[in-house]
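Student: Just work_9.cif, nothing more (mmCIF, C-alpha atoms):
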```cif
data_target
loop_
_atom_site.label_atom_id
_atom_site.label_comp_id
_atom_site.auth_asym_id
_atom_site.auth_seq_id
_atom_site.Cartn_x
_atom_site.Cartn_y
_atom_site.Cartn_z
CA MET A 802 29.88 -53.10 85.46
CA ILE A 803 28.29 -49.77 86.39
CA PHE A 804 31.68 -48.41 87.42
CA ARG A 805 33.28 -49.56 84.16
CA ALA A 806 30.40 -48.09 82.15
CA LYS A 807 30.69 -44.71 83.88
CA ALA A 808 34.47 -44.76 83.58
CA ASN A 809 34.21 -45.61 79.89
CA LYS A 810 31.74 -42.77 79.36
CA ALA A 811 34.00 -40.33 81.19
CA LEU A 812 37.01 -41.46 79.18
CA ASP A 813 35.06 -41.19 75.94
CA ARG A 814 34.06 -37.64 76.86
CA ALA A 815 37.63 -36.70 77.76
CA GLU A 816 39.27 -38.45 74.80
CA ASP A 817 40.61 -36.31 72.01
CA PRO A 818 41.24 -38.32 68.80
CA ARG A 819 44.04 -35.96 67.83
CA GLU A 820 45.91 -36.70 71.04
CA THR A 821 45.37 -40.43 70.54
CA LEU A 822 46.76 -40.24 67.00
CA ASP A 823 49.79 -38.29 68.17
CA TYR A 824 50.39 -40.85 70.93
CA SER A 825 50.15 -43.75 68.45
CA TYR A 826 52.55 -42.00 66.09
CA GLN A 827 54.99 -41.47 68.94
CA LYS A 828 54.83 -45.17 69.83
CA GLN A 829 55.50 -46.14 66.22
CA LEU A 830 58.51 -43.84 66.13
CA GLU A 831 59.81 -45.49 69.29
CA LEU A 832 59.33 -48.95 67.72
CA LEU A 833 61.10 -47.81 64.56
CA GLN A 834 63.96 -46.52 66.68
CA LYS A 835 64.24 -49.89 68.43
CA VAL A 836 64.35 -51.71 65.09
CA ARG A 837 67.05 -49.39 63.83
CA ARG A 838 68.99 -49.94 67.03
CA GLY A 839 68.66 -53.70 66.49
CA VAL A 840 69.97 -53.36 62.93
CA ALA A 841 72.92 -51.36 64.25
CA ASP A 842 73.65 -54.01 66.91
CA VAL A 843 73.53 -56.83 64.37
CA ALA A 844 75.75 -54.89 61.99
CA THR A 845 78.23 -54.29 64.82
CA SER A 846 78.33 -58.02 65.64
CA ARG A 847 78.79 -58.85 61.97
CA LYS A 848 81.64 -56.39 61.71
CA ARG A 849 83.29 -57.88 64.78
CA LEU A 850 83.10 -61.38 63.23
CA GLU A 851 84.63 -60.05 60.06
CA LEU A 852 87.58 -58.67 62.02
CA GLN A 853 88.02 -62.04 63.78
CA LEU A 854 87.85 -63.87 60.45
CA ASN A 855 90.50 -61.61 59.01
CA GLN A 856 92.75 -62.29 61.99
CA LEU A 857 92.21 -66.08 61.78
CA GLN A 858 92.85 -66.11 58.07
CA SER A 859 96.06 -64.14 58.59
CA GLN A 860 97.18 -66.63 61.23
CA SER A 861 96.25 -69.55 58.95
CA THR A 862 98.30 -68.08 56.13
CA LYS A 863 101.22 -67.53 58.49
CA LEU A 864 101.10 -71.16 59.73
CA GLU A 865 100.99 -72.42 56.19
CA ASP A 866 104.12 -70.41 55.34
CA GLN A 867 105.83 -71.73 58.48
CA GLY A 868 105.01 -75.33 57.46
CA ARG A 869 106.52 -74.81 54.05
CA LYS A 870 109.67 -73.33 55.52
CA ALA A 871 109.95 -76.21 58.02
CA LEU A 872 109.68 -78.78 55.19
CA ALA A 873 112.26 -76.85 53.21
CA LEU A 874 114.63 -77.08 56.20
CA GLY A 875 113.89 -80.77 56.70
CA ARG A 876 111.93 -80.28 59.88
CA GLU A 877 108.90 -82.37 59.17
CA ASP A 878 107.84 -82.31 62.83
CA LEU A 879 107.63 -78.52 62.80
CA ALA A 880 105.75 -78.61 59.53
CA ARG A 881 103.26 -81.12 60.99
CA GLU A 882 102.72 -78.92 64.07
CA ALA A 883 102.16 -75.83 61.92
CA LEU A 884 99.64 -77.67 59.76
CA SER A 885 97.83 -79.02 62.84
CA ARG A 886 97.44 -75.50 64.21
CA ARG A 887 96.31 -74.31 60.82
CA ALA A 888 93.65 -77.01 60.70
CA ALA A 889 92.31 -75.89 64.12
CA LEU A 890 92.19 -72.32 62.91
CA GLN A 891 90.32 -73.38 59.79
CA GLN A 892 87.64 -74.98 61.96
CA GLN A 893 87.24 -71.67 63.81
CA VAL A 894 87.13 -69.82 60.52
CA THR A 895 84.37 -72.12 59.30
CA ASP A 896 82.33 -71.58 62.47
CA LEU A 897 82.82 -67.82 62.27
CA GLU A 898 81.83 -67.78 58.61
CA THR A 899 78.62 -69.63 59.50
CA GLN A 900 77.86 -67.11 62.23
CA HIS A 901 78.74 -64.30 59.86
CA ALA A 902 76.30 -65.56 57.27
CA THR A 903 73.58 -65.89 59.92
CA LEU A 904 74.16 -62.36 61.20
CA GLN A 905 74.23 -61.01 57.70
CA GLY A 906 70.86 -62.62 56.99
CA GLU A 907 69.40 -61.20 60.21
CA GLU A 908 70.78 -57.82 59.34
CA GLU A 909 69.15 -57.90 55.92
CA LYS A 910 65.82 -58.94 57.46
CA LEU A 911 65.97 -56.21 60.07
CA THR A 912 66.97 -53.65 57.47
CA LEU A 913 64.02 -54.65 55.28
CA ALA A 914 61.70 -54.58 58.29
CA ALA A 915 62.99 -51.14 59.25
CA GLN A 916 62.36 -49.87 55.73
CA ARG A 917 58.83 -51.27 55.71
CA LEU A 918 58.15 -49.88 59.16
CA GLN A 919 59.51 -46.51 58.07
CA ALA A 920 57.11 -46.51 55.11
CA LYS A 921 54.21 -47.41 57.41
CA VAL A 922 55.16 -44.70 59.87
CA ASP A 923 55.35 -42.12 57.07
CA ALA A 924 51.96 -43.25 55.73
CA PHE A 925 50.49 -43.15 59.23
CA ARG A 926 51.86 -39.66 59.77
CA THR A 927 50.20 -38.44 56.58
CA LYS A 928 46.93 -40.14 57.49
CA LYS A 929 47.19 -38.83 61.04
CA GLU A 930 47.52 -35.25 59.91
CA THR A 931 44.63 -35.70 57.47
CA ILE A 932 42.40 -37.16 60.17
CA LYS A 933 43.37 -34.40 62.61
CA ALA A 934 42.59 -31.70 60.05
CA THR A 935 39.27 -33.35 59.20
CA TYR A 936 38.39 -33.72 62.88
CA THR A 937 39.26 -30.09 63.59
CA ALA A 938 37.17 -28.90 60.64
CA ALA A 939 34.24 -31.10 61.69
CA GLN A 940 34.52 -29.84 65.26
CA ALA A 941 34.49 -26.24 64.06
CA GLN A 942 31.51 -26.89 61.79
CA THR A 943 29.64 -28.55 64.64
CA ARG A 944 30.27 -25.61 66.96
CA ILE A 945 29.17 -23.14 64.30
CA ALA A 946 26.02 -25.16 63.61
CA GLU A 947 25.27 -25.41 67.33
CA SER A 948 25.80 -21.67 67.71
CA PHE A 949 23.39 -20.92 64.85
CA SER A 950 20.82 -23.36 66.17
CA GLY A 951 21.27 -22.14 69.76
CA ILE A 952 21.87 -25.60 71.24
CA SER A 953 25.50 -25.06 72.16
CA GLU A 954 26.37 -24.64 75.81
CA GLU A 955 27.75 -21.11 75.35
CA MET A 956 24.79 -19.90 73.29
CA GLY A 957 22.44 -21.62 75.71
CA ASP A 958 23.91 -19.59 78.56
CA VAL A 959 23.57 -16.41 76.49
CA GLY A 960 19.96 -17.28 75.67
CA LEU A 961 19.16 -17.86 79.33
CA ALA A 962 20.78 -14.55 80.29
CA ILE A 963 18.73 -12.70 77.66
CA GLN A 964 15.55 -14.45 78.79
CA ARG A 965 16.23 -13.52 82.43
CA ALA A 966 16.89 -9.89 81.45
CA GLU A 967 13.67 -9.72 79.43
CA ASP A 968 11.68 -11.29 82.26
CA LYS A 969 13.13 -8.83 84.79
CA THR A 970 12.47 -5.88 82.50
CA ALA A 971 8.88 -6.98 81.96
CA GLN A 972 8.43 -7.43 85.70
CA LEU A 973 9.74 -3.93 86.41
CA GLN A 974 7.51 -2.43 83.70
CA ALA A 975 4.48 -4.23 85.09
CA ARG A 976 5.32 -3.04 88.61
CA ALA A 977 5.72 0.57 87.46
CA GLY A 978 2.39 0.43 85.60
CA ALA A 979 0.62 -1.06 88.59
CA ILE A 980 1.98 1.64 90.90
CA ASP A 981 0.83 4.35 88.47
CA GLU A 982 -2.66 2.85 88.37
CA LEU A 983 -2.82 2.62 92.16
CA LEU A 984 -1.67 6.22 92.57
CA ALA A 985 -4.20 7.39 89.99
CA SER A 986 -7.05 5.54 91.69
CA GLY A 987 -6.07 6.85 95.12
CA ALA A 988 -5.31 3.45 96.55
CA LEU A 989 -1.78 4.68 97.28
CA ASP A 990 -0.74 8.09 98.59
CA ASP A 991 2.03 9.98 96.87
CA GLN A 992 4.30 10.97 99.76
CA SER A 993 6.22 13.43 97.61
CA GLY A 994 3.05 15.37 96.70
CA MET A 995 4.17 15.59 93.09
CA HIS A 996 1.80 13.06 91.63
CA LYS A 997 -1.68 14.13 90.42
CA ASP A 998 -4.39 11.97 88.99
CA ASP A 999 -5.83 12.53 85.54
CA ILE A 1000 -9.00 14.32 86.76
CA GLN A 1001 -7.05 16.84 88.82
CA ALA A 1002 -4.66 17.38 85.96
CA GLU A 1003 -7.58 18.14 83.59
CA LEU A 1004 -9.20 20.49 86.13
CA ASP A 1005 -5.93 22.33 86.60
CA ARG A 1006 -5.60 22.70 82.86
CA LEU A 1007 -9.14 24.05 82.48
CA SER A 1008 -8.80 26.40 85.45
CA GLY A 1009 -5.55 27.69 84.10
CA GLY A 1010 -7.23 28.46 80.78
CA THR A 1011 -10.20 30.12 82.55
CA ASP A 1012 -7.90 32.36 84.55
CA VAL A 1013 -6.26 33.53 81.40
CA GLU A 1014 -9.65 34.31 79.78
CA LEU A 1015 -10.82 36.17 82.84
CA GLU A 1016 -7.65 38.23 82.94
CA LEU A 1017 -8.06 39.01 79.24
CA GLN A 1018 -11.67 40.13 79.72
CA ARG A 1019 -10.65 42.33 82.66
CA MET A 1020 -7.97 44.03 80.59
CA LYS A 1021 -10.47 44.63 77.75
CA ALA A 1022 -12.93 46.13 80.20
CA GLU A 1023 -10.32 48.46 81.60
CA LEU A 1024 -9.35 49.57 78.14
CA ALA A 1025 -12.99 50.14 77.19
CA GLY A 1026 -13.68 52.08 80.42
CA GLY A 1027 -10.73 54.39 79.85
CA SER A 1028 -11.90 55.25 76.32
CA SER A 1029 -15.44 56.17 77.53
CA GLN A 1030 -14.13 58.52 80.26
CA GLN A 1031 -11.96 60.32 77.72
CA ALA A 1032 -14.89 60.69 75.39
CA ILE A 1033 -17.05 62.22 78.16
CA GLU A 1034 -14.36 64.63 79.20
CA GLY A 1035 -13.79 65.70 75.60
CA GLY A 1036 -17.53 66.46 75.04
CA THR A 1037 -17.83 68.74 78.11
CA GLY A 1038 -14.94 70.90 77.00
CA GLN A 1039 -16.44 71.45 73.57
CA SER A 1040 -19.82 72.66 74.99
CA GLN A 1041 -18.17 75.21 77.24
CA SER A 1042 -16.11 76.59 74.35
CA GLN A 1043 -19.23 76.96 72.23
CA GLN A 1044 -21.17 78.91 74.95
CA GLN A 1045 -18.40 81.40 75.70
CA PRO A 1046 -18.54 83.30 72.35
CA GLN A 1047 -22.32 83.80 72.68
CA ASP A 1048 -22.13 85.32 76.15
CA THR A 1049 -19.30 87.67 75.24
CA PRO A 1050 -21.25 89.85 72.83
CA ARG A 1051 -23.94 90.15 75.44
CA PHE A 1052 -21.46 91.49 77.91
CA ASP A 1053 -20.16 93.92 75.21
CA LYS A 1054 -23.61 95.30 74.41
CA GLN A 1055 -24.27 96.01 78.01
#
```
Starting from the file, lay out its structure as structure tokens.
Tutor:
Amino acid sequence: MIFRAKANKALDRAEDPRETLDYSYQKQLELLQKVRRGVADVATSRKRLELQLNQLQSQSTKLEDQGRKALALGREDLAREALSRRAALQQQVTDLETQHATLQGEEEKLTLAAQRLQAKVDAFRTKKETIKATYTAAQAQTRIAESFSGISEEMGDVGLAIQRAEDKTAQLQARAGAIDELLASGALDDQSGMHKDDIQAELDRLSGGTDVELELQRMKAELAGGSSQQAIEGGTGQSQSQQQPQDTPRFDKQ
């Protein structure tokens, strides 16, 4: 029972109603072909009986003419023999006519059955195509609905792939953040020497700014010192030039 149940379930899963309908239609066509072949066979037999009847009737007519001629010639014995043979032929004709009528009736029945079967096959073909189209449309609608709802096998695989990618991305991001925190706290050493913690980075920024300010102050001091020296040198020259005209007249008077 378990084996039959599993086999039935497997067959139900593998069964395609469209293939079943096509197979049934093919079987009906084969049956219709057999009926038509039967009608053709009966018609052939009927035709053969008709040929035999025609031959017997021709022979019966010939024997009747021979009997008349024998009586006309005064040969009653020959006329009796001809009529005896004609009587035997008539019995055969009667039997053949009975068989002919029977075959004709069978032929009519088979012809009517073939016509009815043809109508049923045509109706089944129309219904078959309608059912196949409806099944195909329903199957497509089901797949679309499953795709939208995410319960189809294909979309389920896609959803799992996306979920795995997101999980892996989150894991890598978490790992990168943890390594940054460990490097910043000093728990891990940066072997490349390129990584600096936030305190060192701030100190470097401040020291860099201080160096710039110190350099600026030094340049201002240099500029200020140069201006003072020039001013001193300029004042000494003026005092000497002022004293020289006063001494000159003294030298002239002497």
Student: Apply the PyMOL selection byres ((chain A and resi 822) around 9) to the displayed file and report the matching residues as a PyMOL selection string.
Tutor: chain A and resi 817-821+823-827+926+929-930+932-933
Student: Quick one, how far is atom CA of Leu854 of chain A from atom CA of Glu882 of chain A?
Tutor: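 Answer for the atom CA of Leu854 of chain A to atom CA of Glu882 of chain A separation: 21.5 Å.
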Student: May I ask for the distance between atom CA of Gln940 of chain A and atom CA of Glu816 of chain A, given in Å to one decimal place?
Tutor: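 Atom CA of Glu816 of chain A lies 13.7 Å from atom CA of Gln940 of chain A.
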Student: Applying the PyMOL selection byres ((chain A and resi 900) around 12) to the file I just gave you, which residues come out? Please list them as a compact mmCIF listing (two decimals) with C-alpha atoms, keeping the file's coordinate frame.
Tutor:
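Output saved as out34.txt:
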```txt
# COMPACT_ATOMS: atom_id res chain seq x y z
CA VAL A 843 73.53 -56.83 64.37
CA SER A 846 78.33 -58.02 65.64
CA ARG A 847 78.79 -58.85 61.97
CA LYS A 848 81.64 -56.39 61.71
CA ARG A 849 83.29 -57.88 64.78
CA LEU A 850 83.10 -61.38 63.23
CA GLU A 851 84.63 -60.05 60.06
CA GLN A 853 88.02 -62.04 63.78
CA LEU A 854 87.85 -63.87 60.45
CA GLN A 893 87.24 -71.67 63.81
CA VAL A 894 87.13 -69.82 60.52
CA THR A 895 84.37 -72.12 59.30
CA ASP A 896 82.33 -71.58 62.47
CA LEU A 897 82.82 -67.82 62.27
CA GLU A 898 81.83 -67.78 58.61
CA THR A 899 78.62 -69.63 59.50
CA HIS A 901 78.74 -64.30 59.86
CA ALA A 902 76.30 -65.56 57.27
CA THR A 903 73.58 -65.89 59.92
CA LEU A 904 74.16 -62.36 61.20
CA GLN A 905 74.23 -61.01 57.70
CA GLY A 906 70.86 -62.62 56.99
CA GLU A 907 69.40 -61.20 60.21
```
Student: Report, in Å with one decimal, the straight-line distance from atom CA of Arg887 of chain A to atom CA of Leu857 of chain A.
Tutor: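 Distance reported for this atom pair: 9.2 Å.
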Student: Residues near Ala920 of chain A, anyone? I mean within 12 Å using all atoms listed in the file, not counting same-chain ones fewer than 5 positions away, as a list in words.
Tutor: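 So, after excluding close chain neighbours, the residues are Gln829, Leu830, Leu833, Leu913, Ala914, Ala915, Phe925, Arg926 and Thr927 of chain A.
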